[in-house]
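In what follows, a single structure is set out as structure tokens and then discussed.
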Protein chains: 2
Amino acid sequence: MPEKPQVLNHQIVADTAIFCVESQQLRFSNGVERTYERLVGKGNHAGAVMIVALDNDHNVMLIREYSAGTESYELSLPKGLIEHGETVFDAANRELKEETGFGAENIQFLTEMTVSPGYMSYRIQVVLAMDLYSEKLEGDEPEPIEVIPTSLEQAIYLANSDEITEARAIAALYMARDRIKQTEMPDALESVF
Amino acid sequence: MPEKPQVLNHQIVADTAIFCVESQQLRFSNGVERTYERLVGKGNHAGAVMIVALDNDHNVMLIREYSAGTESYELSLPKGLIEHGETVFDAANRELKEETGFGAENIQFLTEMTVSPGYMSYRIQVVLAMDLYSEKLEGDEPEPIEVIPTSLEQAIYLANSDEITEARAIAALYMARDRIKQTEMPDALESVF
């Protein structure tokens with residue numbers, strides 16, 4: 001892997017309510033210079049978390065809400081920002097309660113993902129939430145979010161049929177299915193031997 | 001699903017070399033009003049395409065290149081913008097030749113994904129490219145891209161161990177594996193009956 005490019009210059013070229021664009025002039029280790037623009041965080045939160053919440057029958061809590069980016073109602077997974085002072089798990093449980101009306105006794109780290117590493121510094125933590133219980137917290141949603149418990153297999157089918165389009169949700173569903181299979185393997189073996 | 005919110009007002013609040021931010025004042029069907037910001041396309045291209053390119057042994061062409069957003073060298077899949085007048089398949093084959101030194105005789109549509117539908121209008125087409133042949137086109141990369149042929153299973157392992165972090169690449173690898181399994185199923189059945 002080459003040495004990382006040197007940052008010759010950088011400046012904020014746009015700063016709106018939620019987006020901050022930085023321009024960076026880079027010199028690559030081979031001497032080539034390029035100017036890039038990247039979205040950087042505004043420092044008003046401590047990252048983001050997406051939640052694969054599974055009930056005891058392995059139904060995943062899908063939500064449908066309005067997405068202003070694509071101007072459409074999208075089926076996806078609960079997610080939200082991590083507030084300063086919150087752990088990933090605190091934020092996951094709060095967002096889950098706000099968006100689905102469930103809390104979770106058991107929250108496990110699944111992975112950390114980027115959504116567009118070429119252009120955004122943004123990273124999101126993904127957790128698996130299980131042992132659910134009913135608890136509703138008020139969120140800041142403009143209208144009620146539709147919660148649709150769906151079997152994990154059906155959710156992956158929906159991802160393959162354009163009903164779920166959000167890449168990180170699709171990746172999280174597949175990774176959760178792998179994790180569940182791995183977890184269940186010892187039981188499966190036990191029942192054989 | 002509720003009726004889509006009404007757009008009461010919209011205006012461009014930032015317009016840089018590559019990012020355009022639109023502010024939209026929305027009225028939801030329940031009467032609640034909110035202002036959102038979203039990244040919109042600048043109209044200088046016809047979308048984007050990501051390529052899962054598999055050789056005859058089902059090795060996928062991973063690439064490693066510098067990602068200015070995360071300021072790190074990232075392992076991911078080849079991708080690029082679709083130029084006006086190009087089909088998705090033309091663009092996929094061009095980008096593949098530029099980034100990996102291979103063209104493909106057989107390119108199939110796999111899916112369309114969003115990366116952050118709440119905040120970006122952006123969509124990306126994902127294709128499966130097979131029957132590869134050697135052909136290098138010059139791209140606009142500042143330094144040579146490292147091409148790493150990796151078995152599909154190993155690539156999914158890398159996605160689960162933080163070596164591959166880009167959500168759409170992870171989703172595409174899982175979906176390609178499913179597609180390959182489905183395609184091979186008839187042969188498997190034939191050998192049984």
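Labels used: A, B, ... for chains in the order of the structure tokens, numbers from 1 for residues in each chain, and numbers from 1 for ligands as shown.
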
Can you build me a table of chain A residues sitting at most 6 Å from chain B, with the closest atom pair per residue and its distance in Å to one decimal, using only C-alpha atoms, sorted by chain and residue number, as CSV?
residue,atom,partner,partner_atom,distance
A:Arg38,CA,B:Gly69,CA,5.2
A:Ser67,CA,B:Gly118,CA,4.1
A:Ala68,CA,B:Gly118,CA,5.1
A:Gly69,CA,B:Met120,CA,4.1
A:Thr70,CA,B:Ser121,CA,4.4
A:Met113,CA,B:Thr165,CA,4.7
A:Thr114,CA,B:Glu166,CA,4.8
A:Val115,CA,B:Ala167,CA,5.5
A:Pro117,CA,B:Gly69,CA,4.9
A:Gly118,CA,B:Ser67,CA,4.1
A:Tyr119,CA,B:Gly69,CA,4.2
A:Met120,CA,B:Gly69,CA,4.1
A:Ser121,CA,B:Thr70,CA,4.4
A:Thr165,CA,B:Met113,CA,4.7
A:Glu166,CA,B:Thr114,CA,4.8
A:Ala167,CA,B:Arg168,CA,4.7
A:Arg168,CA,B:Ala167,CA,4.7
A:Ile170,CA,B:Ala171,CA,5.7
A:Ala171,CA,B:Ala171,CA,4.3

- Message: For Met50 (chain A), find every residue with an atom within 6 Å (counting only C-alpha atoms), except residues of its own chain fewer than 2 positions away, and show them as a PyMOL selection string.
- Response: chain A and resi 78-79+126

Can you write out the residues you just picked, keeping C-alpha atoms, as a CSV table (one decimal), in the first residue's frame?
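What ended up in out_25.csv:
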chain,number,residue,atom,x,y,z
A,78,PRO,CA,-33.9,1.8,12.6
A,79,LYS,CA,-30.9,4.1,13.0
A,126,VAL,CA,-24.2,-1.7,13.3

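The two atoms in question, CA of Gly101 (chain A) and CA of Glu135 (chain A), are spaced 5.1 Å apart.
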
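Distance-wise, CA of Leu81 (chain A) and CA of Gly103 (chain A) end up 16.7 Å apart.
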
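The spacing separating CA of Leu77 (chain A) from CA of Gln125 (chain B) amounts to 21.0 Å.
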
- Task: Show which residues sit within 9 Å of Glu153 (chain B), as a PyMOL selection string. Count only C-alpha atoms, and ignore same-chain residues fewer than 3 positions away.
- Result: chain B and resi 59+150+156-158+177

Next, dump the selected residues to file, keeping only N, CA, C and O atoms, as a CSV table (one decimal), in the first residue's frame.
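File written: again.csv
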chain,number,residue,atom,x,y,z
B,59,ASN,N,-13.2,-15.8,-8.4
B,59,ASN,CA,-12.5,-14.8,-7.7
B,59,ASN,C,-13.1,-13.4,-8.1
B,59,ASN,O,-13.3,-13.1,-9.2
B,150,THR,N,-9.8,-12.1,-5.2
B,150,THR,CA,-10.1,-12.7,-3.9
B,150,THR,C,-11.3,-13.6,-4.1
B,150,THR,O,-12.3,-13.2,-4.7
B,156,ILE,N,-16.2,-12.0,1.5
B,156,ILE,CA,-17.3,-11.8,2.5
B,156,ILE,C,-16.7,-12.0,3.9
B,156,ILE,O,-17.1,-11.2,4.8
B,157,TYR,N,-15.7,-12.8,4.1
B,157,TYR,CA,-15.0,-12.9,5.3
B,157,TYR,C,-14.3,-11.6,5.7
B,157,TYR,O,-14.4,-11.0,6.8
B,158,LEU,N,-13.7,-10.9,4.6
B,158,LEU,CA,-13.0,-9.6,4.8
B,158,LEU,C,-14.0,-8.6,5.2
B,158,LEU,O,-13.7,-7.7,6.0
B,177,ARG,N,-23.1,-13.4,-4.4
B,177,ARG,CA,-23.0,-14.8,-3.9
B,177,ARG,C,-24.3,-15.5,-4.0
B,177,ARG,O,-24.4,-16.7,-4.5

- In region 6-154 of chain B, DSSP helix (DSSP H, G or I) residues written as a ChimeraX atom specification: /B:88-100,152-154

Selected residues, N, CA and C atoms, written as an mmCIF file, in the first residue's frame, please.
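Below you can see selection.cif, which holds the result:
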data_model
loop_
_atom_site.group_PDB
_atom_site.id
_atom_site.type_symbol
_atom_site.label_atom_id
_atom_site.label_comp_id
_atom_site.auth_asym_id
_atom_site.auth_seq_id
_atom_site.Cartn_x
_atom_site.Cartn_y
_atom_site.Cartn_z
ATOM 1 N N VAL B 88 -25.621 1.614 -18.681
ATOM 2 C CA VAL B 88 -25.025 1.111 -17.436
ATOM 3 C C VAL B 88 -23.928 0.101 -17.765
ATOM 4 N N PHE B 89 -24.189 -0.750 -18.753
ATOM 5 C CA PHE B 89 -23.249 -1.826 -19.087
ATOM 6 C C PHE B 89 -21.983 -1.278 -19.751
ATOM 7 N N ASP B 90 -22.138 -0.267 -20.631
ATOM 8 C CA ASP B 90 -20.972 0.414 -21.225
ATOM 9 C C ASP B 90 -20.095 1.002 -20.124
ATOM 10 N N ALA B 91 -20.730 1.714 -19.206
ATOM 11 C CA ALA B 91 -19.982 2.386 -18.135
ATOM 12 C C ALA B 91 -19.284 1.361 -17.251
ATOM 13 N N ALA B 92 -19.988 0.264 -16.950
ATOM 14 C CA ALA B 92 -19.412 -0.784 -16.097
ATOM 15 C C ALA B 92 -18.161 -1.357 -16.760
ATOM 16 N N ASN B 93 -18.253 -1.637 -18.053
ATOM 17 C CA ASN B 93 -17.122 -2.248 -18.754
ATOM 18 C C ASN B 93 -15.947 -1.266 -18.856
ATOM 19 N N ARG B 94 -16.254 0.011 -19.105
ATOM 20 C CA ARG B 94 -15.195 1.027 -19.163
ATOM 21 C C ARG B 94 -14.499 1.166 -17.814
ATOM 22 N N GLU B 95 -15.291 1.311 -16.754
ATOM 23 C CA GLU B 95 -14.698 1.469 -15.417
ATOM 24 C C GLU B 95 -13.884 0.236 -15.028
ATOM 25 N N LEU B 96 -14.400 -0.937 -15.382
ATOM 26 C CA LEU B 96 -13.694 -2.179 -15.067
ATOM 27 C C LEU B 96 -12.339 -2.204 -15.771
ATOM 28 N N LYS B 97 -12.324 -1.807 -17.047
ATOM 29 C CA LYS B 97 -11.062 -1.782 -17.807
ATOM 30 C C LYS B 97 -10.091 -0.758 -17.213
ATOM 31 N N GLU B 98 -10.632 0.400 -16.810
ATOM 32 C CA GLU B 98 -9.772 1.445 -16.240
ATOM 33 C C GLU B 98 -9.196 1.028 -14.882
ATOM 34 N N GLU B 99 -10.049 0.427 -14.054
ATOM 35 C CA GLU B 99 -9.646 0.200 -12.661
ATOM 36 C C GLU B 99 -9.002 -1.164 -12.430
ATOM 37 N N THR B 100 -9.318 -2.154 -13.266
ATOM 38 C CA THR B 100 -8.761 -3.497 -13.008
ATOM 39 C C THR B 100 -7.953 -4.075 -14.165
ATOM 40 N N LEU B 152 -14.828 -15.226 -3.536
ATOM 41 C CA LEU B 152 -16.038 -14.561 -3.053
ATOM 42 C C LEU B 152 -16.228 -14.837 -1.559
ATOM 43 N N GLU B 153 -15.958 -16.055 -1.128
ATOM 44 C CA GLU B 153 -16.103 -16.403 0.295
ATOM 45 C C GLU B 153 -15.126 -15.603 1.149
ATOM 46 N N GLN B 154 -13.885 -15.476 0.658
ATOM 47 C CA GLN B 154 -12.866 -14.721 1.395
ATOM 48 C C GLN B 154 -13.251 -13.239 1.447
#

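With distances restricted to only C-alpha atoms, B:Asn106 is the closest residue to Leu132 (chain B) from B:Asn106, B:Gln11, B:Gln182, B:Asn44.
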
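Shortest atom-to-atom contact with Ala46 (chain B) among B:Leu62, B:Ile107, B:Ile82, B:Ile12: B:Ile82, counting only C-alpha atoms.
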